[in-house]
Amino acid sequence: MAKTILAIITSFGLAACSSGGFSPSEDQVYAPGIKPQAKAVDGLVVGHRLMAAGEYELALDAFSRAAGEQGMTVDVLSAIGTANLGLGRLNQAEKQLREAIESDEAIPETWNNLGIVLLEQGKTAEAVQVFKRAYALDNGESDAIRDNLRLAIEKLEQSAYAEDNEDQEYKVVRRGSSEYLIRQIP
């Protein structure tokens with residue numbers, strides 16, 4: 001028994017004396033160190049990946065980093081507004097998305113997301129107009145924008161009859177990295 005214990009202690013002692021010792025090996029599982037000369041991944045790319053994973057707060061941080069590197073471009077404003085929409089910060093999202101659509105470079109998804117924000121805030125008539133613009137800019141190719149427009153029009157028509165009818169409930173559903181869809185709750 002004593003010989004076995006002595007053999008184990010000796011083998012551990014000799015292992016520490018080997019060329020590898022107790023330091024990490026080449027095939028280590030530790031996080032890599034910092035590479036000062038390496039280029040960082042674009043904050044917009046990182047942010048969109050985080051949005052797809054449902055990590056809106058982290059995405060907002062990545063988009064803010066992108067704003068520091070690129071300035072407040074249309075893409076950055078739209079991305080920040082979309083992240084705020086995902087976080088439920090409707091007033092902030094509205095402000096940023098409105099700023100983004102002021103540019104001619106605004107994409108239909110930005111208009112769609114602004115429509116979602118307006119609809120969530122109860123500004124149904126304006127949301128219908130924004131969805132129409134998004135649908136026109138998209139040449140009617142997006143099913144999500146078409147469905148949002150249809151539901152917004154339906155909600156607008158129902159609001160005229162709300163005194164007689166029970167209000168329908170809707171929820172916002174995220175599709176893709178920056179596209180939102182309105183669904184009717186059964």
# chains A, B, ... in the order shown; residues from 1 in each chain; ligands from 1
>>> residues_around(residues="Leu114 (chain A)", least_positions_apart="3", cutoff="8 Å", atoms="only C-alpha atoms", output="list in words")
Ala93, Glu94, Leu97, Arg98, Thr110, Trp111, Val117, Leu118, Ala127 and Val130 of chain A
>>> residues_around(residues="Glu69 (chain A)", least_positions_apart="5", cutoff="9 Å", atoms="only C-alpha atoms", output="list in words")
Asp42, Gly43 and Ser64 of chain A
>>> residues_around(residues="Asn84 (chain A)", least_positions_apart="3", cutoff="9 Å", atoms="only C-alpha atoms", output="short mmCIF file (atom, residue, chain, number, x, y, z; two decimals) with N, CA and C atoms, in the first residue's frame")
data_model
loop_
_atom_site.label_atom_id
_atom_site.label_comp_id
_atom_site.auth_asym_id
_atom_site.auth_seq_id
_atom_site.Cartn_x
_atom_site.Cartn_y
_atom_site.Cartn_z
N TYR A 56 -31.20 41.40 -26.47
CA TYR A 56 -31.40 42.77 -26.93
C TYR A 56 -30.51 43.77 -26.21
N GLU A 57 -30.29 43.59 -24.93
CA GLU A 57 -29.45 44.53 -24.17
C GLU A 57 -28.01 44.48 -24.67
N LEU A 60 -27.82 46.05 -28.05
CA LEU A 60 -27.82 47.51 -27.94
C LEU A 60 -26.41 48.03 -27.65
N ALA A 79 -30.91 49.90 -36.26
CA ALA A 79 -30.57 48.77 -35.39
C ALA A 79 -30.81 49.11 -33.92
N ILE A 80 -30.43 50.30 -33.49
CA ILE A 80 -30.64 50.71 -32.11
C ILE A 80 -32.14 50.80 -31.81
N GLY A 81 -32.89 51.37 -32.75
CA GLY A 81 -34.34 51.44 -32.58
C GLY A 81 -34.99 50.07 -32.50
N LEU A 87 -36.65 45.42 -26.51
CA LEU A 87 -36.61 45.60 -25.06
C LEU A 87 -37.91 46.22 -24.52
N GLY A 88 -38.81 46.61 -25.43
CA GLY A 88 -40.07 47.21 -25.01
C GLY A 88 -39.97 48.69 -24.71
N ARG A 89 -38.90 49.31 -25.10
CA ARG A 89 -38.70 50.75 -24.88
C ARG A 89 -39.27 51.49 -26.10
N LEU A 90 -40.59 51.61 -26.13
CA LEU A 90 -41.27 52.09 -27.32
C LEU A 90 -40.97 53.55 -27.65
N ASN A 91 -40.91 54.42 -26.64
CA ASN A 91 -40.64 55.83 -26.91
C ASN A 91 -39.25 56.04 -27.50
N GLN A 92 -38.26 55.34 -26.94
CA GLN A 92 -36.90 55.45 -27.48
C GLN A 92 -36.85 54.86 -28.89
N ALA A 93 -37.50 53.71 -29.08
CA ALA A 93 -37.50 53.06 -30.39
C ALA A 93 -38.15 53.97 -31.43
N GLU A 94 -39.26 54.60 -31.05
CA GLU A 94 -39.94 55.49 -32.00
C GLU A 94 -39.04 56.64 -32.42
N GLN A 96 -35.74 56.84 -32.45
CA GLN A 96 -34.62 56.40 -33.28
C GLN A 96 -35.08 55.94 -34.66
#
>>> residues_around(residues="Leu44 (chain A)", least_positions_apart="2", cutoff="10 Å", atoms="only C-alpha atoms", output="number ranges by chain")
A: 41-42, 46-50, 59-60, 62-67, 70, 75-76, 79-80
>>> atom_distance(atom1="CA of Arg133 (chain A)", atom2="CA of Leu85 (chain A)")
19.4 Å
>>> atom_distance(atom1="CA of Asn139 (chain A)", atom2="CA of Gln158 (chain A)")
26.9 Å
>>> select_by_dssp(residues="region 47-128 of chain A", states="alpha helix (DSSP H)", output="PyMOL selection string")
chain A and resi 47-52+56-70+74-86+90-101+108-120+124-128
>>> closest_residue(among="A:Met51, A:Ala144, A:Ser103, A:Pro36", to="Thr73 (chain A)", atoms="only C-alpha atoms")
A:Ser103
>>> atom_distance(atom1="CA of Ser78 (chain A)", atom2="CA of Ala100 (chain A)")
5.7 Å
